[in-house]
Structure formats: C-alpha cells, structure tokens
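**Q** Have a look at the structure that comes next, please.
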Amino acid sequence: MVNLYFVESPIQLSSAIKLNSELGGKSHLFVNLGPRYRKANYKQMQDQIFPESWGAITYLRPGGDYIFKFLYAILIMVYIKFKYFFQDKKICIGEFRNIFFAYMTFISNERYILLDDGAVTVNLQLSLFKYGKGILSYYKKRKYKFLLNLVSLFNFKYCRDLPPHLYSFFDLDVHLSDGQKNFYQKEPKKNKSLMDNVFFFGSKYSESNLISVNDELLCLSEVFNFLKCKHSEMSVKYIMHRDESEEKIELIKDIGFDVVNLKEGSELFFEKSEQVPKVIAGFYSTAIYSTYAIYNIEHSYSFDFSSKLVSTEIVENIKHVYDYYDSVGIERIILV
C-alpha cells in the first residue's frame with residue numbers, strides 16, 4: 001500500500017503530516033505550488049516539509065483552463081500508475097474545490113480521504129456529504145461531469161457520487177452519512193499559560209471578492225470597538241493572513257489594531273508557543289475553531305458579517321459554518 005497526499009495550503013499539509021505519522025508505510029506527497037504570486041503560502045508550506053518524513057515529494061503547478069488541468073491530471077495519473085504499478089493506493093486530497101484534485105481521487109478504487117481544509121470542510125459536510133453526495137453533485141457543469149466520468153475510466157472505475165471519508169479536527173460525527181468515517185482521533189484540550197491578549201484572526205475576504213474593502217473595514221471597526229469594550233484591559237491584536245494586501249493592513253492599523261504577522265499557521269505557532277491568548281475572535285476563520293478545540297481559553301467570538309457579503313450563495317455556504325461554531329460554544333456576534 002502506498003499513501004498519496006495532495007495538498008495546496010499549510011492547513012492541508014499539517015493534516016497530511018499528522019495522518020502520515022499515523023498511517024506510516026510508503027508515502028508520496030504532492031504539493032500544488034499554486035499561482036506564482038502566492039509566495040507566502042508556498043513559504044509556509046515549505047517550512048513544514050521535511051523530506052525525511054516522506055518516501056517521495058513532487059511539486060505540481062496545475063494552472064490554466066479546465067482542459068489544461070485535465071491533461072495535466074492525466075499526465076500525473078500515468079506517472080503514478082507506472083511508479084506504483086500493481087500496488088494498492090490510498091488517496092488523500094486537501095482541496096475539494098479544485099477540479100485537478102477531484103481527478104486525483106480516481107487513481108484508486110478505494111474511497112478517498114478529504115484532509116482538513118479549514119472551515120470549508122464544515123460547509124461541504126453539512127451541505128453535501130451528509131446527504132450522501134460527492135464530486136458529481138459538487139461539479140454541476142456538464143463539461144466537468146463529462147471529464148470526471150472520462151477520468152474514472154482510466155482506472156476502469158465507474159464514477160460514483162460518494163462522499164469522501166474525512167480526516168478533520170472538526171467534530172462532525174453526528175453529521176456523517178452512511179458508510180462515511182472521520183479518521184481523526186480527537187484529543188483532550190491542552191492547558192497553556194494565558195496571555196492578556198485578544199487575537200483576532202484575519203483573512204483575505206476582500207482580496208477574494210467576498211466583500212468590498214470598505215465594508216470589511218467597517219466590520220473590523222465595529223469588531224475592534226466591541227472587543228475593546230468587552231476586554232478593555234487587553235491588547236487587541238489583528239493576526240494577518242498570509243495573502244492579505246499591504247494596503248488593507250495599513251488601513252487596519254489605522255482602526256487601532258496591533259497587527260501581528262505570525263509568519264506561519266496559527267496552529268503551528270501555538271503548538272510551539274508556551275502561551276495562548278485569553279480571547280480569540282474572527283469572522284469565520286478556521287483558526288477560531290482550531291484554537292478553541294485544542295486549548296483551554298477564556299472567551300471565543302465569531303463575528304457574523306453575512307449582511308455585508310456580495311453573494312447570496314456565499315451567505316448560504318458560510319451559514320453552515322456560523323451555525324456549527326455556535327453549536328459547539330463559540331459565541332456568535334451578528335454585525336449589522
């Protein structure tokens with residue numbers, strides 16, 4: 001058996017590293033480098049990759065249009081077929097929304113595993129997987145359905161619309177569909193020294209065109225005032241995302257936030273640190289949940305800015321995330 005891991009972000013890579021340490025055996029890590037301008041994303045992944053932990057490592061760049069991704073996928077599948085001829089393969093992908101990763105799931109006849117991809121995992125599970133649906137239901141366009149069925153023939157495999165197994169730190173057991181499993185082993189919360197800080201986890205919302213820059217800044221101003229009122233004795237720090245623009249960061253400083261660049265994922269940062277903040281907050285950042293789930297802290301807030309988002313489809317998607325955070329005990333603050 002050879003375990004094949006396909007990742008394109010630091011959190012996906014962290015999940016792959018943890019699963020690889022549990023599964024052991026032969027492994028091959030495939031890293032999608034992504035667009036060339038995402039240097040910080042690549043740097044954070046590179047800092048986590050230790051070649052001695054993997055049997056082999058291959059770097060990919062499956063960019064371009066859907067035809068190029070299809071042809072690139074066929075090339076990689078042929079390479080894997082010949083490299084691991086007659087060997088059973090377990091496929092673990094980190095990104096469900098990239099069609100190239102979807103093609104990779106047909107390398108093996110086994111049901112693949114979806115590694116943690118942050119809060120999007122919650123949305124996919126609650127809106128799709130729990131109803132027994134998978135790739136064919138997600139990729140609705142006819143051209144993608146045709147190409148997915150075509151790729152499935154590469155392994156003499158019928159293209160079935162099954163949800164993946166999970167390897168996720170989100171507690172989703174009650175939402176699993178028949179036959180679906182979450183292989184992640186939940187651990188007790190850890191105690192660390194608490195520092196008198198509020199950490200607000202930022203993200204690339206306006207950079208991804210989910211919200212206008214002006215509306216994001218208005219929301220952040222409201223957030224800052226709320227946190228300073230509630231926790232006046234603490235410093236309110238804005239933890240910048242690796243893909244946020246420098247122009248926006250300067251405007252965030254003007255609001256009053258003390259902007260901090262951790263230079264690595266928050267999960268990895270806190271694992272190394274002797275302290276964690278007393279209070280964590282964010283909009284729907286994964287870091288809110290991961291910090292809340294791993295460490296004993298005093299307060300956690302999820303600020304719901306759905307009213308400012310530009311797409312009703314996006315609002316519907318993140319509603320699942322906000323509802324989930326609320327259900328596990330993260331206080332939800334609705335912004336008007």
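Labeling convention for the structure tokens: chains A, B, ... as they appear, residues from 1 per chain, ligands from 1 in order of appearance.
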Could you give me, as a ChimeraX atom specification, the residues within 12 Å of His231 of chain A, counting only C-alpha atoms and dropping anything in the same chain fewer than 2 positions from it?

**A** /A:196-199,223-229,233-236,278-280,298-300

**Q** Show which residues sit within 7 Å of segment 283-293 of chain A, as a PyMOL selection string. Count only C-alpha atoms, and ignore same-chain residues fewer than 4 positions away.

**A** chain A and resi 118-119+189+201+266+297+302-305+321-322

**Q** From the set A:Ser9, A:Cys219, A:Asn296, A:Asn3, which residue has the shortest atom-to-atom contact distance to Lys39 of chain A, counting only C-alpha atoms?

**A**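 Ranked by minimum distance to Lys39 of chain A, first place goes to A:Ser9.
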
**Q** Considering only strand (DSSP E) as DSSP defines it on the backbone, what residues of segment 106-270 of chain A qualify? List them as a ChimeraX atom specification.

**A** /A:113-115,165-167,193-201,235-239,258-260

**Q** Just the selected residues (N, CA, C and O atoms), exported as a short mmCIF file (atom, residue, chain, number, x, y, z; two decimals), in the first residue's frame, please.

**A**
```cif
data_model
loop_
_atom_site.label_atom_id
_atom_site.label_comp_id
_atom_site.auth_asym_id
_atom_site.auth_seq_id
_atom_site.Cartn_x
_atom_site.Cartn_y
_atom_site.Cartn_z
N ILE A 113 -9.83 10.01 1.04
CA ILE A 113 -9.95 10.76 2.29
C ILE A 113 -9.78 12.23 2.01
O ILE A 113 -8.84 12.63 1.30
N LEU A 114 -10.67 13.06 2.54
CA LEU A 114 -10.53 14.51 2.44
C LEU A 114 -9.83 15.02 3.69
O LEU A 114 -10.35 14.90 4.80
N LEU A 115 -8.65 15.57 3.51
CA LEU A 115 -7.89 16.15 4.61
C LEU A 115 -8.55 17.44 5.06
O LEU A 115 -9.39 18.00 4.36
N HIS A 165 -14.34 9.93 2.86
CA HIS A 165 -14.05 9.85 4.29
C HIS A 165 -13.35 11.15 4.68
O HIS A 165 -12.82 11.87 3.82
N LEU A 166 -13.34 11.46 5.96
CA LEU A 166 -12.70 12.68 6.45
C LEU A 166 -11.50 12.38 7.33
O LEU A 166 -11.43 11.32 7.95
N TYR A 167 -10.59 13.33 7.35
CA TYR A 167 -9.57 13.38 8.40
C TYR A 167 -9.59 14.82 8.87
O TYR A 167 -8.84 15.67 8.38
N SER A 193 -0.21 28.51 29.50
CA SER A 193 -0.27 29.82 30.15
C SER A 193 -1.04 30.79 29.26
O SER A 193 -0.84 30.81 28.04
N LEU A 194 -1.93 31.59 29.86
CA LEU A 194 -2.76 32.52 29.09
C LEU A 194 -2.18 33.93 29.14
O LEU A 194 -1.86 34.46 30.21
N MET A 195 -2.05 34.55 27.97
CA MET A 195 -1.55 35.93 27.92
C MET A 195 -2.72 36.90 27.79
O MET A 195 -3.76 36.57 27.19
N ASP A 196 -2.55 38.10 28.33
CA ASP A 196 -3.61 39.11 28.34
C ASP A 196 -3.74 39.77 26.97
O ASP A 196 -3.51 40.98 26.81
N ASN A 197 -4.14 38.98 26.00
CA ASN A 197 -4.31 39.48 24.64
C ASN A 197 -5.59 38.94 24.03
O ASN A 197 -6.05 37.84 24.38
N VAL A 198 -6.15 39.72 23.10
CA VAL A 198 -7.20 39.24 22.21
C VAL A 198 -6.55 39.03 20.85
O VAL A 198 -5.91 39.94 20.32
N PHE A 199 -6.68 37.84 20.30
CA PHE A 199 -6.19 37.57 18.95
C PHE A 199 -7.40 37.54 18.01
O PHE A 199 -8.28 36.68 18.15
N PHE A 200 -7.44 38.48 17.08
CA PHE A 200 -8.47 38.45 16.03
C PHE A 200 -7.81 37.94 14.75
O PHE A 200 -6.86 38.53 14.25
N PHE A 201 -8.32 36.80 14.24
CA PHE A 201 -7.71 36.18 13.07
C PHE A 201 -8.29 36.76 11.78
O PHE A 201 -9.49 36.64 11.51
N SER A 235 -4.71 43.94 25.13
CA SER A 235 -4.29 44.42 23.82
C SER A 235 -5.03 43.61 22.75
O SER A 235 -5.10 42.38 22.84
N VAL A 236 -5.61 44.31 21.77
CA VAL A 236 -6.34 43.63 20.69
C VAL A 236 -5.43 43.52 19.47
O VAL A 236 -5.08 44.53 18.85
N LYS A 237 -5.05 42.31 19.15
CA LYS A 237 -4.10 42.07 18.06
C LYS A 237 -4.82 41.49 16.84
O LYS A 237 -5.65 40.59 16.98
N TYR A 238 -4.48 42.01 15.69
CA TYR A 238 -5.02 41.50 14.43
C TYR A 238 -3.97 40.57 13.82
O TYR A 238 -2.87 41.00 13.48
N ILE A 239 -4.29 39.29 13.70
CA ILE A 239 -3.36 38.30 13.16
C ILE A 239 -3.58 38.23 11.65
O ILE A 239 -4.57 37.70 11.18
N ASP A 258 -3.39 46.22 16.77
CA ASP A 258 -1.96 45.95 16.76
C ASP A 258 -1.76 44.77 15.81
O ASP A 258 -2.10 43.63 16.14
N VAL A 259 -1.27 45.03 14.60
CA VAL A 259 -1.18 43.99 13.57
C VAL A 259 0.06 43.12 13.80
O VAL A 259 1.16 43.63 14.01
N VAL A 260 -0.16 41.80 13.76
CA VAL A 260 0.91 40.84 14.00
C VAL A 260 0.97 39.84 12.85
O VAL A 260 -0.06 39.33 12.41
#
```

**Q** May I have all residues of segment 99-144 of chain A that DSSP, computed from the backbone, assigns to alpha helix (DSSP H), given as a list in words?

**A** Ile99, Phe100, Phe101, Ala102, Tyr103, Met104, Val120, Thr121, Val122, Asn123, Leu124, Gln125, Leu126, Ser127, Ile135, Leu136, Ser137, Tyr138, Arg142, Lys143 and Tyr144 of chain A

**Q** Those same residues, written as a short mmCIF file (atom, residue, chain, number, x, y, z; two decimals), in the first residue's frame with N, CA and C atoms?

**A**
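This went into out_22.cif:
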```
data_model
loop_
_atom_site.label_atom_id
_atom_site.label_comp_id
_atom_site.auth_asym_id
_atom_site.auth_seq_id
_atom_site.Cartn_x
_atom_site.Cartn_y
_atom_site.Cartn_z
N ILE A 99 -10.66 21.27 -9.42
CA ILE A 99 -11.01 20.11 -10.23
C ILE A 99 -9.83 19.16 -10.42
N PHE A 100 -8.60 19.68 -10.41
CA PHE A 100 -7.43 18.82 -10.53
C PHE A 100 -7.38 17.80 -9.39
N PHE A 101 -7.66 18.25 -8.17
CA PHE A 101 -7.68 17.35 -7.02
C PHE A 101 -8.81 16.33 -7.16
N ALA A 102 -9.92 16.76 -7.72
CA ALA A 102 -11.04 15.84 -7.92
C ALA A 102 -10.64 14.71 -8.86
N TYR A 103 -9.91 15.04 -9.92
CA TYR A 103 -9.44 13.99 -10.84
C TYR A 103 -8.57 12.97 -10.11
N MET A 104 -7.73 13.43 -9.20
CA MET A 104 -6.80 12.54 -8.49
C MET A 104 -7.51 11.47 -7.68
N VAL A 120 -14.14 25.36 5.35
CA VAL A 120 -14.86 24.86 4.17
C VAL A 120 -15.25 23.40 4.35
N THR A 121 -14.51 22.66 5.16
CA THR A 121 -14.85 21.26 5.43
C THR A 121 -16.22 21.16 6.09
N VAL A 122 -16.51 22.07 7.00
CA VAL A 122 -17.81 22.09 7.67
C VAL A 122 -18.92 22.33 6.66
N ASN A 123 -18.73 23.33 5.80
CA ASN A 123 -19.75 23.64 4.80
C ASN A 123 -19.99 22.47 3.86
N LEU A 124 -18.92 21.83 3.38
CA LEU A 124 -19.07 20.69 2.48
C LEU A 124 -19.80 19.54 3.15
N GLN A 125 -19.45 19.28 4.43
CA GLN A 125 -20.09 18.17 5.13
C GLN A 125 -21.57 18.42 5.36
N LEU A 126 -21.91 19.64 5.78
CA LEU A 126 -23.30 19.94 6.14
C LEU A 126 -24.19 20.20 4.93
N SER A 127 -23.60 20.63 3.83
CA SER A 127 -24.42 20.96 2.66
C SER A 127 -24.41 19.86 1.61
N ILE A 135 -18.51 14.29 -5.46
CA ILE A 135 -17.90 15.11 -6.51
C ILE A 135 -18.87 15.47 -7.63
N LEU A 136 -19.65 14.50 -8.11
CA LEU A 136 -20.55 14.78 -9.23
C LEU A 136 -21.62 15.80 -8.87
N SER A 137 -22.03 15.81 -7.60
CA SER A 137 -23.02 16.80 -7.16
C SER A 137 -22.40 18.18 -6.99
N TYR A 138 -21.10 18.21 -6.63
CA TYR A 138 -20.43 19.49 -6.43
C TYR A 138 -20.10 20.16 -7.76
N ARG A 142 -21.80 20.58 -17.00
CA ARG A 142 -21.78 19.37 -17.82
C ARG A 142 -20.36 18.98 -18.24
N LYS A 143 -19.52 20.00 -18.55
CA LYS A 143 -18.16 19.70 -19.02
C LYS A 143 -17.35 18.99 -17.93
N TYR A 144 -17.56 19.39 -16.65
CA TYR A 144 -16.83 18.75 -15.56
C TYR A 144 -17.34 17.34 -15.30
#
```

**Q** With only C-alpha atoms as the atoms that count, which of A:Lys308, A:Glu264, A:Ile76, A:Leu19 lies nearest to Leu218 of chain A?

**A** A:Lys308

**Q** I'd like to know which of A:Leu147, A:Ile314, A:Arg38, A:Leu210 is closest to Phe70 of chain A, using only C-alpha atoms.

**A**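 When distances to Phe70 of chain A are compared using only C-alpha atoms, the smallest one comes from A:Leu147.
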
**Q** Between A:Phe269, A:Phe96, A:Phe146, A:Tyr131, which residue has the minimum interatomic distance to Gln44 of chain A, considering only C-alpha atoms?

**A**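 Going through A:Phe269, A:Phe96, A:Phe146, A:Tyr131 one by one, the smallest distance to Gln44 of chain A is for A:Phe269.
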
**Q** Could you jot down the atom CA of Gly256 of chain A to atom CA of Asn41 of chain A separation for me, Å, one decimal place?

**A**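 We find that atom CA of Gly256 of chain A and atom CA of Asn41 of chain A lie 26.6 Å from each other.
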
**Q** What lies within 10 Å of segment 54-69 of chain A using only C-alpha atoms, ignoring chain neighbours under 2 positions off, as JSON, numbers by chain?

**A** {"A": [2, 3, 4, 5, 6, 7, 8, 17, 20, 21, 24, 25, 26, 27, 28, 29, 30, 31, 32, 33, 34, 35, 36, 49, 50, 51, 52, 71, 72, 73, 74, 75, 76, 98, 99, 100, 101, 103, 143, 144, 147]}

**Q** Please, could you write that set of residues out with C-alpha atoms as a PDB file, in the first residue's frame?

**A**
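Printed below is selection30.pdb as written:
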```
ATOM      1  CA  VAL A   2       1.240   3.478  -0.864  1.00  0.00           C
ATOM      2  CA  ASN A   3      -0.413   6.573   0.621  1.00  0.00           C
ATOM      3  CA  LEU A   4      -0.639   9.530  -1.785  1.00  0.00           C
ATOM      4  CA  TYR A   5      -1.239  13.020  -0.359  1.00  0.00           C
ATOM      5  CA  PHE A   6      -2.263  16.015  -2.491  1.00  0.00           C
ATOM      6  CA  VAL A   7      -2.155  19.430  -0.756  1.00  0.00           C
ATOM      7  CA  GLU A   8      -2.022  23.137  -1.591  1.00  0.00           C
ATOM      8  CA  ILE A  17       1.651  15.278   8.112  1.00  0.00           C
ATOM      9  CA  ASN A  20       1.037  10.232   7.544  1.00  0.00           C
ATOM     10  CA  SER A  21       2.547   9.800  11.018  1.00  0.00           C
ATOM     11  CA  GLY A  24       3.056   5.005   8.350  1.00  0.00           C
ATOM     12  CA  GLY A  25       4.157   2.867   5.412  1.00  0.00           C
ATOM     13  CA  LYS A  26       5.122   4.110   1.967  1.00  0.00           C
ATOM     14  CA  SER A  27       4.099   7.710   1.253  1.00  0.00           C
ATOM     15  CA  HIS A  28       4.272  10.251  -1.562  1.00  0.00           C
ATOM     16  CA  LEU A  29       3.487  13.939  -1.034  1.00  0.00           C
ATOM     17  CA  PHE A  30       2.259  16.034  -3.982  1.00  0.00           C
ATOM     18  CA  VAL A  31       2.350  19.807  -3.395  1.00  0.00           C
ATOM     19  CA  ASN A  32       0.415  22.188  -5.643  1.00  0.00           C
ATOM     20  CA  LEU A  33       2.538  25.353  -5.683  1.00  0.00           C
ATOM     21  CA  GLY A  34      -0.405  27.452  -6.892  1.00  0.00           C
ATOM     22  CA  PRO A  35      -0.113  30.867  -8.577  1.00  0.00           C
ATOM     23  CA  ARG A  36       3.354  32.398  -8.506  1.00  0.00           C
ATOM     24  CA  ILE A  49       8.139  19.938   4.731  1.00  0.00           C
ATOM     25  CA  PHE A  50      10.909  17.666   5.975  1.00  0.00           C
ATOM     26  CA  PRO A  51      11.982  15.315   3.146  1.00  0.00           C
ATOM     27  CA  GLU A  52      12.995  12.547   5.543  1.00  0.00           C
ATOM     28  CA  LEU A  71      -4.433  16.933 -19.499  1.00  0.00           C
ATOM     29  CA  TYR A  72      -2.097  17.669 -16.588  1.00  0.00           C
ATOM     30  CA  ALA A  73      -4.143  15.308 -14.397  1.00  0.00           C
ATOM     31  CA  ILE A  74      -3.864  12.516 -16.988  1.00  0.00           C
ATOM     32  CA  LEU A  75      -0.079  13.018 -17.097  1.00  0.00           C
ATOM     33  CA  ILE A  76       0.205  12.763 -13.288  1.00  0.00           C
ATOM     34  CA  ASN A  98     -10.019  22.379  -7.342  1.00  0.00           C
ATOM     35  CA  ILE A  99     -11.013  20.108 -10.232  1.00  0.00           C
ATOM     36  CA  PHE A 100      -7.426  18.818 -10.533  1.00  0.00           C
ATOM     37  CA  PHE A 101      -7.680  17.348  -7.020  1.00  0.00           C
ATOM     38  CA  TYR A 103      -9.439  13.993 -10.837  1.00  0.00           C
ATOM     39  CA  LYS A 143     -18.155  19.697 -19.017  1.00  0.00           C
ATOM     40  CA  TYR A 144     -16.834  18.750 -15.556  1.00  0.00           C
ATOM     41  CA  LEU A 147     -14.398  14.854 -17.780  1.00  0.00           C
TER      42      LEU A 147
END
```

**Q** So which residues touch Asn149 of chain A within 7 Å, counting only C-alpha atoms, skipping near sequence neighbours fewer than 4 positions away, as an mmCIF file with C-alpha atoms, in the first residue's frame?

**A**
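Written out: out-v5.cif:
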```
data_model
loop_
_atom_site.group_PDB
_atom_site.id
_atom_site.type_symbol
_atom_site.label_atom_id
_atom_site.label_comp_id
_atom_site.auth_asym_id
_atom_site.auth_seq_id
_atom_site.Cartn_x
_atom_site.Cartn_y
_atom_site.Cartn_z
ATOM 1 C CA LYS A 145 -19.209 15.817 -15.162
ATOM 2 C CA LEU A 153 -12.281 5.100 -16.956
ATOM 3 C CA CYS A 159 -17.733 7.360 -11.457
#
```

**Q** Excluding Ile294 of chain A and residues on its chain fewer than 5 positions from it, collect all residues at most 12 Å away from it, counting only C-alpha atoms, and give them as a short mmCIF file (atom, residue, chain, number, x, y, z; two decimals) with N, CA, C and O atoms, in the first residue's frame.

**A**
```cif
data_model
loop_
_atom_site.label_atom_id
_atom_site.label_comp_id
_atom_site.auth_asym_id
_atom_site.auth_seq_id
_atom_site.Cartn_x
_atom_site.Cartn_y
_atom_site.Cartn_z
N PHE A 169 -10.27 17.77 12.22
CA PHE A 169 -10.37 18.04 13.65
C PHE A 169 -11.73 18.60 14.03
O PHE A 169 -12.05 18.72 15.21
N PHE A 170 -12.58 18.95 13.04
CA PHE A 170 -13.94 19.36 13.35
C PHE A 170 -14.73 18.14 13.82
O PHE A 170 -14.62 17.05 13.26
N ASP A 171 -15.52 18.34 14.86
CA ASP A 171 -16.31 17.25 15.44
C ASP A 171 -17.60 17.10 14.63
O ASP A 171 -18.62 17.72 14.93
N LYS A 186 -9.78 12.56 18.18
CA LYS A 186 -9.91 13.77 18.99
C LYS A 186 -9.11 13.62 20.29
O LYS A 186 -9.11 12.56 20.92
N GLU A 187 -8.43 14.71 20.68
CA GLU A 187 -7.60 14.70 21.89
C GLU A 187 -8.18 15.66 22.93
O GLU A 187 -8.87 16.62 22.58
N PRO A 188 -7.90 15.43 24.23
CA PRO A 188 -8.37 16.36 25.27
C PRO A 188 -7.75 17.75 25.07
O PRO A 188 -6.65 17.88 24.54
N LYS A 189 -8.46 18.78 25.53
CA LYS A 189 -7.93 20.14 25.42
C LYS A 189 -6.67 20.29 26.27
O LYS A 189 -6.55 19.69 27.33
N LYS A 190 -5.77 21.14 25.78
CA LYS A 190 -4.50 21.36 26.47
C LYS A 190 -4.54 22.65 27.29
O LYS A 190 -5.21 23.60 26.92
N ASN A 191 -3.80 22.64 28.39
CA ASN A 191 -3.65 23.84 29.20
C ASN A 191 -2.30 24.49 28.93
O ASN A 191 -1.27 23.82 29.01
N LYS A 192 -2.33 25.78 28.60
CA LYS A 192 -1.12 26.56 28.44
C LYS A 192 -1.30 27.87 29.18
O LYS A 192 -2.44 28.29 29.45
N SER A 266 -1.47 29.56 12.50
CA SER A 266 -1.70 29.74 13.94
C SER A 266 -1.58 28.43 14.71
O SER A 266 -1.08 28.40 15.84
N GLU A 267 -2.04 27.33 14.10
CA GLU A 267 -1.97 26.03 14.78
C GLU A 267 -0.52 25.66 15.08
O GLU A 267 -0.19 25.22 16.19
N LEU A 268 0.35 25.87 14.10
CA LEU A 268 1.77 25.55 14.28
C LEU A 268 2.41 26.53 15.26
O LEU A 268 3.23 26.14 16.10
N PHE A 270 0.97 28.18 17.81
CA PHE A 270 0.56 27.90 19.19
C PHE A 270 1.17 26.60 19.70
O PHE A 270 1.44 26.46 20.89
N GLU A 271 1.37 25.64 18.80
CA GLU A 271 1.99 24.37 19.20
C GLU A 271 3.40 24.61 19.74
O GLU A 271 3.84 23.98 20.70
N VAL A 276 -0.96 30.92 25.05
CA VAL A 276 -2.03 31.18 24.09
C VAL A 276 -2.82 32.39 24.60
O VAL A 276 -2.80 32.69 25.80
N ALA A 287 -9.03 29.25 12.28
CA ALA A 287 -8.19 29.39 13.48
C ALA A 287 -9.02 29.59 14.74
O ALA A 287 -8.58 29.23 15.84
N ILE A 288 -10.22 30.16 14.61
CA ILE A 288 -11.09 30.31 15.79
C ILE A 288 -11.39 28.94 16.36
O ILE A 288 -11.23 28.68 17.56
N TYR A 289 -11.85 28.04 15.49
CA TYR A 289 -12.24 26.72 15.97
C TYR A 289 -11.05 25.90 16.42
O TYR A 289 -11.09 25.26 17.47
#
```

**Q** Could you name the residues that touch Ser221 of chain A at 10 Å or less, counting only C-alpha atoms, but leaving out those on the same chain fewer than 4 positions away, as an mmCIF file with all heavy atoms, in the first residue's frame?

**A**
```
data_model
loop_
_atom_site.group_PDB
_atom_site.id
_atom_site.type_symbol
_atom_site.label_atom_id
_atom_site.label_comp_id
_atom_site.auth_asym_id
_atom_site.auth_seq_id
_atom_site.Cartn_x
_atom_site.Cartn_y
_atom_site.Cartn_z
ATOM 1 N N ASP A 215 -16.474 47.714 3.172
ATOM 2 C CA ASP A 215 -17.358 47.006 4.106
ATOM 3 C C ASP A 215 -16.565 46.151 5.092
ATOM 4 O O ASP A 215 -16.927 46.040 6.267
ATOM 5 C CB ASP A 215 -18.349 46.116 3.334
ATOM 6 C CG ASP A 215 -19.513 46.908 2.765
ATOM 7 O OD1 ASP A 215 -19.724 48.055 3.216
ATOM 8 O OD2 ASP A 215 -20.208 46.395 1.860
ATOM 9 N N GLU A 216 -15.469 45.553 4.620
ATOM 10 C CA GLU A 216 -14.636 44.759 5.531
ATOM 11 C C GLU A 216 -14.044 45.648 6.618
ATOM 12 O O GLU A 216 -14.024 45.292 7.802
ATOM 13 C CB GLU A 216 -13.519 44.047 4.769
ATOM 14 C CG GLU A 216 -12.706 43.115 5.652
ATOM 15 C CD GLU A 216 -11.702 42.264 4.891
ATOM 16 O OE1 GLU A 216 -11.534 42.469 3.674
ATOM 17 O OE2 GLU A 216 -11.086 41.392 5.521
ATOM 18 N N LEU A 217 -13.589 46.836 6.230
ATOM 19 C CA LEU A 217 -13.012 47.768 7.204
ATOM 20 C C LEU A 217 -14.064 48.285 8.182
ATOM 21 O O LEU A 217 -13.788 48.457 9.375
ATOM 22 C CB LEU A 217 -12.340 48.932 6.480
ATOM 23 C CG LEU A 217 -11.076 48.562 5.688
ATOM 24 C CD1 LEU A 217 -10.638 49.722 4.810
ATOM 25 C CD2 LEU A 217 -9.949 48.143 6.624
ATOM 26 N N ASN A 225 -14.175 47.943 18.289
ATOM 27 C CA ASN A 225 -14.884 48.650 19.362
ATOM 28 C C ASN A 225 -15.527 47.674 20.341
ATOM 29 O O ASN A 225 -15.507 47.891 21.563
ATOM 30 C CB ASN A 225 -15.952 49.581 18.776
ATOM 31 C CG ASN A 225 -15.345 50.749 18.020
ATOM 32 O OD1 ASN A 225 -14.214 51.155 18.296
ATOM 33 N ND2 ASN A 225 -16.070 51.286 17.050
ATOM 34 N N PHE A 226 -16.091 46.584 19.821
ATOM 35 C CA PHE A 226 -16.716 45.563 20.674
ATOM 36 C C PHE A 226 -15.671 44.921 21.586
ATOM 37 O O PHE A 226 -15.871 44.796 22.799
ATOM 38 C CB PHE A 226 -17.390 44.499 19.810
ATOM 39 C CG PHE A 226 -17.947 43.336 20.589
ATOM 40 C CD1 PHE A 226 -19.259 43.339 21.038
ATOM 41 C CD2 PHE A 226 -17.155 42.228 20.892
ATOM 42 C CE1 PHE A 226 -19.774 42.263 21.769
ATOM 43 C CE2 PHE A 226 -17.657 41.155 21.621
ATOM 44 C CZ PHE A 226 -18.968 41.179 22.053
ATOM 45 N N ILE A 252 -6.070 48.779 8.423
ATOM 46 C CA ILE A 252 -6.468 48.064 9.644
ATOM 47 C C ILE A 252 -5.711 48.625 10.850
ATOM 48 O O ILE A 252 -6.279 48.758 11.942
ATOM 49 C CB ILE A 252 -6.225 46.545 9.473
ATOM 50 C CG1 ILE A 252 -7.246 45.960 8.491
ATOM 51 C CG2 ILE A 252 -6.315 45.816 10.820
ATOM 52 C CD1 ILE A 252 -6.985 44.530 8.094
ATOM 53 N N ASP A 254 -4.856 51.665 11.187
ATOM 54 C CA ASP A 254 -5.494 52.958 11.487
ATOM 55 C C ASP A 254 -6.728 52.796 12.376
ATOM 56 O O ASP A 254 -7.096 53.715 13.113
ATOM 57 C CB ASP A 254 -5.894 53.669 10.192
ATOM 58 C CG ASP A 254 -4.680 54.137 9.385
ATOM 59 O OD1 ASP A 254 -3.596 54.260 9.987
ATOM 60 O OD2 ASP A 254 -4.829 54.377 8.173
ATOM 61 N N ILE A 255 -7.392 51.627 12.313
ATOM 62 C CA ILE A 255 -8.565 51.376 13.158
ATOM 63 C C ILE A 255 -8.159 51.309 14.627
ATOM 64 O O ILE A 255 -8.911 51.707 15.515
ATOM 65 C CB ILE A 255 -9.258 50.056 12.728
ATOM 66 C CG1 ILE A 255 -9.883 50.224 11.338
ATOM 67 C CG2 ILE A 255 -10.337 49.638 13.741
ATOM 68 C CD1 ILE A 255 -10.432 48.926 10.742
ATOM 69 N N GLY A 256 -6.942 50.809 14.878
ATOM 70 C CA GLY A 256 -6.461 50.682 16.259
ATOM 71 C C GLY A 256 -5.881 49.328 16.587
ATOM 72 O O GLY A 256 -5.303 49.131 17.659
ATOM 73 N N PHE A 257 -6.029 48.370 15.668
ATOM 74 C CA PHE A 257 -5.479 47.029 15.891
ATOM 75 C C PHE A 257 -3.948 47.066 15.931
ATOM 76 O O PHE A 257 -3.310 47.842 15.210
ATOM 77 C CB PHE A 257 -5.885 46.079 14.759
ATOM 78 C CG PHE A 257 -7.310 45.602 14.801
ATOM 79 C CD1 PHE A 257 -8.276 46.189 13.989
ATOM 80 C CD2 PHE A 257 -7.682 44.547 15.622
ATOM 81 C CE1 PHE A 257 -9.591 45.741 14.001
ATOM 82 C CE2 PHE A 257 -8.998 44.087 15.645
ATOM 83 C CZ PHE A 257 -9.947 44.689 14.836
#
```
